[in-house]
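First up is the structure itself, then whatever we jot down about it.
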Amino acid sequence: MTNAIETLDDFKRRFEEIKQMGWVTTHRSGNTGIGKTLEDLLGIPENNIQQPDFGIYELKSGRSNRNSMLTLVTKSPDPEKANSNLLNKFGYYSPRSKDKTHKSLHTTIKFGKDTIIFKTEKTLRPDILKNFKTEHGYLETLTLISNFGIEDAFWPIQTIKEVIDEKFGNELVYVLAESRGSRENEQFKFNQAYLLKGINGERIVELIRQEVICIDIRIGQFADGTAHDHGTAFRIKPSDFEKLFNEKMRIDE
């Protein structure tokens, strides 16, 4: 099964073969293993180009029996030096760091909730501000607020809608799989496939408010001291992913 697929019918035929395989050992260790394994089995080459995975369709996959989160999009906060400022103010030295010279800032935050940063007394929470002053004027933003006050780190609400719409605005094939084992020994049994349509921008905002979509801040530090964004991500549980869309149809039965 190495030829690339192009149409939805191609996918359906290939996916039926994959279902018949039963348990398949992951092709990559870690959270991205499920997506990489499915792409390999479907004959989809790995790339970072912002275009559909096959034909007009984006492909997304999730573990149906685990709580690991799906990454919707990665987007650093504005303005340009927001990550550096956050790292300097809220970063900490990892317990695994021997020389204590490079800071990290890894935390998951949810709307309206103060989250303590590692073992410090500092907190961060995202809140929606209707008229936040930015370099582009007053905008509705998802802004980070700490126990020091309002931070200069934000995402314009319109930008969040646009980047998610760009990623999932086309028709999307969503695959679920059972999972067992871990790391390089994890195995998947791919057994459900859905066609999702109609991304809903207003629903995205509501899901942020409902804490269904969370934000993973993942900032490290290069040897020269500059901030290294490992991919600040908007994430969601696989079981909630379909809530982003207006239409859902099972396509593997």
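For the structure tokens, the naming scheme is as follows: chains receive sequential letters (A, B, ...) according to their order of presentation, residues are indexed from 1 within each chain, and ligands are indexed from 1 in presentation order.
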Using only C-alpha atoms, what does the table of stretch 162-249 of chain A residues within 9 Å of stretch 81-105 of chain A look like, with each row giving the shortest atom pair and its distance in Å to one decimal, sorted by chain and ascending number, as CSV?
residue,atom,partner,partner_atom,distance
A:Ile217,CA,A:Leu105,CA,6.8
A:Arg218,CA,A:Leu105,CA,5.9
A:Ile219,CA,A:Leu105,CA,5.1
A:Gly220,CA,A:Ser104,CA,4.6
A:Gln221,CA,A:His102,CA,5.7
A:Phe222,CA,A:His102,CA,7.5
A:Ala223,CA,A:His102,CA,7.5
A:Gly225,CA,A:His102,CA,7.1
A:Thr226,CA,A:Ser84,CA,6.9
A:Ala227,CA,A:Ser84,CA,5.2
A:His228,CA,A:Asn83,CA,8.1
A:Asp229,CA,A:Asn83,CA,7.2
Just the residues within 7 Å of A:Asn170, please, counting only C-alpha atoms, with nothing from its chain fewer than 4 positions along; format it as JSON, numbers by chain. {"A": [56, 57, 58]}
Residues from last step as file, N, CA and C atoms, as a PDB file, in the first residue's frame:
ATOM      1  N   ILE A  56      -8.766  17.306  -2.150  1.00  0.00           N
ATOM      2  CA  ILE A  56      -9.194  18.542  -1.490  1.00  0.00           C
ATOM      3  C   ILE A  56      -9.319  18.348   0.019  1.00  0.00           C
ATOM      4  N   TYR A  57      -8.861  17.211   0.530  1.00  0.00           N
ATOM      5  CA  TYR A  57      -9.147  16.826   1.907  1.00  0.00           C
ATOM      6  C   TYR A  57      -7.946  16.976   2.843  1.00  0.00           C
ATOM      7  N   GLU A  58      -8.194  17.573   3.993  1.00  0.00           N
ATOM      8  CA  GLU A  58      -7.260  17.543   5.108  1.00  0.00           C
ATOM      9  C   GLU A  58      -7.517  16.251   5.871  1.00  0.00           C
TER      10      GLU A  58
END
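The residue set within 10 Å of stretch 150-153 of chain A, counting only C-alpha atoms and dropping same-chain residues fewer than 4 places from it, reads A:Ser76, A:Pro77, A:Asp78, A:Pro79, A:Glu80, A:Lys81, A:Ala82, A:Asn83, A:Asn85, A:Leu86, A:Leu124, A:Arg125, A:Pro126, A:Asp127, A:Phe132, A:Lys133, A:Thr134, A:Thr141, A:Leu142, A:Thr143, A:Leu144, A:Ile145, A:Ser146.
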Write out as a list in words each polymer residue whose atoms come within 7 Å of stretch 26-40 of chain A, counting only C-alpha atoms; drop sequence neighbours fewer than 5 positions from it. Pro45, Ser61, Arg183, Glu184, Asn185, Glu186, Gln187 and Phe188 of chain A
Closest-contact table, stretch 20-95 of chain A side, partner stretch 235-246 of chain A, 6 Å, counting only C-alpha atoms, as a Markdown table:
| residue | atom | partner | partner_atom | distance |
| --- | --- | --- | --- | --- |
| A:Gly62 | CA | A:Pro238 | CA | 5.4 |
| A:Met69 | CA | A:Lys237 | CA | 4.6 |
| A:Leu70 | CA | A:Ile236 | CA | 5.2 |
| A:Thr71 | CA | A:Arg235 | CA | 4.4 |
| A:Leu72 | CA | A:Arg235 | CA | 5.5 |
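Distance-wise, atom CA of A:Glu202 and atom CA of A:Lys161 end up 8.0 Å apart.
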Any chance you could list, as a ChimeraX atom specification, the residues in stretch 22-238 of chain A that come up alpha helix (DSSP H) when DSSP is run on the backbone? /A:33-42,82-90,157-168,201-209
Which is closer to A:His106 than all the others in A:Asp216, A:Lys248, A:Leu41, A:Lys12, using only C-alpha atoms? A:Asp216
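Of the residues listed (A:Ile18, A:Ile5, A:Ile128, A:Val24), A:Ile5 shows the shortest atom-to-atom separation from A:Ile44; distances use only C-alpha atoms.
Between atom CA of A:Glu253 and atom CA of A:Phe54 lies a distance of 20.7 Å.
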Residues near stretch 194-201 of chain A, cut-off 7 Å, only C-alpha atoms, skip fewer than 5 positions along chain, as number ranges by chain: A: 161, 165, 168-169, 171-175, 244-251
Would you save the residues of that selection, restricted to C-alpha atoms, as a CSV table (one decimal), in the first residue's frame?
chain,number,residue,atom,x,y,z
A,161,LYS,CA,-10.6,32.0,13.4
A,165,ASP,CA,-10.3,28.1,8.9
A,168,PHE,CA,-9.7,23.0,8.3
A,169,GLY,CA,-11.9,25.1,6.0
A,171,GLU,CA,-13.6,19.1,3.8
A,172,LEU,CA,-11.8,17.1,6.4
A,173,VAL,CA,-11.4,13.3,6.9
A,174,TYR,CA,-11.2,12.4,10.6
A,175,VAL,CA,-10.0,9.0,11.6
A,244,LEU,CA,-15.8,22.5,15.4
A,245,PHE,CA,-17.9,21.6,12.4
A,246,ASN,CA,-21.5,21.9,11.2
A,247,GLU,CA,-21.7,18.5,9.5
A,248,LYS,CA,-20.4,15.0,10.3
A,249,MET,CA,-20.9,11.8,8.2
A,250,ARG,CA,-19.5,8.3,8.8
A,251,ILE,CA,-17.7,7.1,5.6
Apply DSSP to the structure's backbone, then extract all residues of stretch 1-248 of chain A labelled strand (DSSP E or B) and return them as number ranges by chain. A: 24-25, 54, 57-63, 70-74, 78, 92-93, 103-109, 115-116, 123-134, 137-146, 149-156, 172-180, 187-199, 214-221, 227-229, 233-236, 245-248
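If only C-alpha atoms are the atoms counted, then among A:Asn191, A:Thr159, A:Ser182, A:Thr108 the closest residue to A:Ala233 is A:Thr108.
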